[in-house]
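Structure record follows, encoded as structure tokens.
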Amino acid sequence: MTKLSIRSVVFLAVASFALLGAACGLQPPAASLSGGSSSNVFSPGAQAAVYPFDAIVVTGSGSASAAPDLARLSMAVSVTADTVADARETAADAMTDVRASLKRHRILDSDIATSHFRIHPEYEYGPDGRDQVGYTVSNGLSVTVRDIDKAASVIDDAIAAGGDHLVFNNLSFGLSDTTELEKAARKAAVDDMRDKAAQLAEFSGRELGDLKAVSEGDFSGPQVPFPAALARSESADFDTPISSGEVAVTVTVSGVYELK
């Protein structure tokens with residue numbers, strides 16, 4: 001990294017913490033945002049230039065998890081034929097059958113959405129170049145299954161309905177309401193931040209003062225991937241094995257504490 005780019009990063013970091021302090025009633029000197037060496041960013045002198053007290057700037061993270069209550073399916077029908085008309089007609093018939101299988105499981109219209117519709121030519125490549133051999137029509141669906149216990153049978157029936165034209169892209173799990181998980185993860189993140197700050201103060205031979213500023217980053221809810229490949233698609237007389245696991249929500253917070 002060049003000297004110029006390091007100064008840019010330092011300026012942005014110091015400016016961010018200065019804005020955080022200003023939001024909580026702290027007024028750092030304006031000159032502290034423009035001068036100084038990059039090697040002093042986390043030194044007591046640099047902190048004093050931003051805050052009117054010795055400070056600890058620390059980040060904490062926390063997470064909470066729960067069993068998911070919904071499944072999200074991504075699937076499509078894909079048909080290749082000599083003409084666009086033939087490919088589109090066959091794809092339309094297959095998609096109609098797939099949608100009918102979803103409706104038999106009482107999947108709401110609001111939980112079925114077209115994710116894409118594509119038409120493109122197909123080519124074969126040889127020593128003399130490429131030759132067009134037909135067209136492919138692909139029609140994709142995003143489906144939310146709110147009764148997670150039905151996910152396996154919904155998948156199996158969709159495969160049977162779409163037959164060899166069905167492409168199953170992905171299965172993920174989620175929560176319809178993450179409010180309580182966010183709250184629990186947020187508390188864990190603040191506790192983690194406080195513990196880290198207390199340790200830093202203790203190990204430095206100082207005392208931890210009041211929390212002067214705090215901010216929260218974005219929370220994330222990672223999706224649980226589909227754990228097993230589909231074994232065969234010619235029949236729905238079997239159950240696709242599915243394990244939903246748990247869905248976790250993670251919260252990150254940053255705080256500024258006074259160091260006594």
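Ordered as shown in the structure tokens, chains take letters A, B, and onward, while each chain numbers its residues from 1 and ligands are numbered from 1 in the order shown.
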Go through range 70-134 of chain A residue by residue and, counting only C-alpha atoms, keep those with an atom at most 8 Å from range 167-172 of chain A; for each kept residue give the shortest atom pair and its distance in Å to one decimal, ordered by chain and increasing number, as a tab-separated table.
```
residue	atom	partner	partner_atom	distance
A:Ala71	CA	A:Ser172	CA	5.8
A:Arg72	CA	A:Ser172	CA	5.2
A:Leu73	CA	A:Leu171	CA	4.8
A:Ser74	CA	A:Asn170	CA	5.0
A:Met75	CA	A:Phe168	CA	4.4
A:Ala76	CA	A:Val167	CA	5.0
A:Val77	CA	A:Val167	CA	5.8
A:Ser78	CA	A:Val167	CA	6.9
```
Export N, CA and C atoms of the chosen residues as an mmCIF file, in the first residue's frame?
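Saved as out14.cif:
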```
data_model
loop_
_atom_site.group_PDB
_atom_site.id
_atom_site.type_symbol
_atom_site.label_atom_id
_atom_site.label_comp_id
_atom_site.auth_asym_id
_atom_site.auth_seq_id
_atom_site.Cartn_x
_atom_site.Cartn_y
_atom_site.Cartn_z
ATOM 1 N N ALA A 71 -38.637 -22.615 4.432
ATOM 2 C CA ALA A 71 -37.633 -23.043 3.455
ATOM 3 C C ALA A 71 -37.819 -22.247 2.176
ATOM 4 N N ARG A 72 -36.713 -21.922 1.525
ATOM 5 C CA ARG A 72 -36.755 -21.196 0.255
ATOM 6 C C ARG A 72 -36.170 -22.102 -0.831
ATOM 7 N N LEU A 73 -36.950 -22.317 -1.867
ATOM 8 C CA LEU A 73 -36.537 -23.185 -2.966
ATOM 9 C C LEU A 73 -36.264 -22.346 -4.205
ATOM 10 N N SER A 74 -35.241 -22.708 -4.935
ATOM 11 C CA SER A 74 -34.945 -22.087 -6.224
ATOM 12 C C SER A 74 -34.888 -23.196 -7.269
ATOM 13 N N MET A 75 -35.786 -23.133 -8.249
ATOM 14 C CA MET A 75 -35.854 -24.175 -9.263
ATOM 15 C C MET A 75 -36.213 -23.560 -10.603
ATOM 16 N N ALA A 76 -36.117 -24.348 -11.647
ATOM 17 C CA ALA A 76 -36.435 -23.860 -12.985
ATOM 18 C C ALA A 76 -36.779 -25.045 -13.873
ATOM 19 N N VAL A 77 -37.460 -24.746 -14.974
ATOM 20 C CA VAL A 77 -37.593 -25.721 -16.051
ATOM 21 C C VAL A 77 -36.758 -25.200 -17.208
ATOM 22 N N SER A 78 -36.033 -26.105 -17.848
ATOM 23 C CA SER A 78 -35.154 -25.732 -18.952
ATOM 24 C C SER A 78 -35.382 -26.714 -20.090
#
```
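Proximity ranking of A:Asp109, A:Thr80, A:Arg118, A:Ala55 relative to Gly209 in chain A places A:Ala55 first, based on only C-alpha atoms.
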Exercise for review: Based on DSSP run over this structure's backbone, return all residues of range 103-216 of chain A in helix (DSSP H, G or I), as a ChimeraX atom specification.
Suggested key: /A:103-104,109-111,148-165,179-203
Check your understanding: A:His116, A:His105, A:Lys260, A:Lys183: which is nearest Ser63 in chain A, counting only C-alpha atoms?
Key -> A:Lys183
Check your understanding: Which residues come within 8 Å of Gln132 in chain A, counting only C-alpha atoms, excluding same-chain residues fewer than 6 positions away, as a list in words?
Key -> Pro121, Glu122, Tyr123 and Glu124 of chain A
Write the selection just made, keeping N, CA and C atoms, as an mmCIF file, in the first residue's frame?
```
data_model
loop_
_atom_site.group_PDB
_atom_site.id
_atom_site.type_symbol
_atom_site.label_atom_id
_atom_site.label_comp_id
_atom_site.auth_asym_id
_atom_site.auth_seq_id
_atom_site.Cartn_x
_atom_site.Cartn_y
_atom_site.Cartn_z
ATOM 1 N N PRO A 121 -29.934 -18.997 -27.934
ATOM 2 C CA PRO A 121 -29.595 -20.032 -28.918
ATOM 3 C C PRO A 121 -28.566 -21.006 -28.366
ATOM 4 N N GLU A 122 -28.605 -22.231 -28.896
ATOM 5 C CA GLU A 122 -27.622 -23.246 -28.528
ATOM 6 C C GLU A 122 -26.725 -23.526 -29.734
ATOM 7 N N TYR A 123 -25.430 -23.717 -29.485
ATOM 8 C CA TYR A 123 -24.473 -23.931 -30.557
ATOM 9 C C TYR A 123 -23.654 -25.200 -30.296
ATOM 10 N N GLU A 124 -23.227 -25.805 -31.375
ATOM 11 C CA GLU A 124 -22.212 -26.852 -31.321
ATOM 12 C C GLU A 124 -20.953 -26.301 -31.980
#
```
Practice item. Would you kindly return, as an NGL selection string, each protein, DNA or RNA residue with an atom no farther than 8 Å from any atom of Val84 in chain A, considering only C-alpha atoms and excluding same-chain residues fewer than 3 positions away? Key: :A and (81 or 87-88 or 119 or 134-137)
Suppose we keep N, CA and C atoms; can you now write the selection as a CSV table (one decimal), in the first residue's frame?
```
chain,number,residue,atom,x,y,z
A,81,ALA,N,-35.0,-27.1,-27.8
A,81,ALA,CA,-35.7,-27.6,-29.0
A,81,ALA,C,-35.1,-26.9,-30.2
A,87,ALA,N,-39.6,-24.9,-27.9
A,87,ALA,CA,-38.9,-24.9,-26.6
A,87,ALA,C,-39.8,-24.2,-25.6
A,88,ARG,N,-40.4,-23.0,-26.0
A,88,ARG,CA,-41.3,-22.3,-25.1
A,88,ARG,C,-42.5,-23.1,-24.8
A,119,ILE,N,-34.4,-16.9,-23.0
A,119,ILE,CA,-34.3,-17.6,-24.3
A,119,ILE,C,-33.0,-17.3,-24.9
A,134,GLY,N,-30.2,-25.1,-32.0
A,134,GLY,CA,-31.6,-25.0,-31.4
A,134,GLY,C,-31.6,-23.8,-30.4
A,135,TYR,N,-32.6,-23.8,-29.6
A,135,TYR,CA,-32.9,-22.8,-28.6
A,135,TYR,C,-33.2,-23.4,-27.3
A,136,THR,N,-32.8,-22.7,-26.2
A,136,THR,CA,-33.2,-23.1,-24.9
A,136,THR,C,-34.0,-22.1,-24.2
A,137,VAL,N,-35.1,-22.5,-23.6
A,137,VAL,CA,-36.0,-21.6,-22.8
A,137,VAL,C,-35.9,-22.1,-21.4
```
Check your understanding: Tell me, which residues of range 101-256 of chain A carry DSSP strand (DSSP E or B), written as a PyMOL selection string?
Key -> chain A and resi 112-126+129-145+166-174+208-216+220+224-225+247-256
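Considering the residues A:Asp97, A:Asp54, A:Asp69, A:Glu89 and counting only C-alpha atoms, Gly162 in chain A has its shortest atom-to-atom contact with A:Asp97.
Nearest residue to Ile155 in chain A, choosing from A:Gly126, A:Glu258, A:Asp93, A:Arg99 and counting only C-alpha atoms: A:Arg99.
Every protein or nucleic acid residue with an atom no more than 9 Å from Ile148 in chain A, counting only C-alpha atoms and leaving out same-chain residues fewer than 4 positions away, appears here: A:Pro68, A:Asp69, A:Leu70, A:Ala71, A:Ala152, A:Phe173, A:Ser244.
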Check your understanding: Excluding same-chain residues fewer than 3 positions from range 210-219 of chain A, what lies within 6 Å of it counting only C-alpha atoms, as a count of residues only?
Key -> 11
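Between Leu200 in chain A and the residues A:Leu259, A:Ser110, A:Ala94, A:Tyr125, the shortest atom-to-atom distance, using only C-alpha atoms, involves A:Leu259.
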Exercise for review: Identify which of the residues A:Asp86, A:Ala248, A:Leu208, A:Thr96 lies closest to Ala66 in chain A, counting only C-alpha atoms when measuring atom-to-atom distances.
Suggested key: A:Ala248
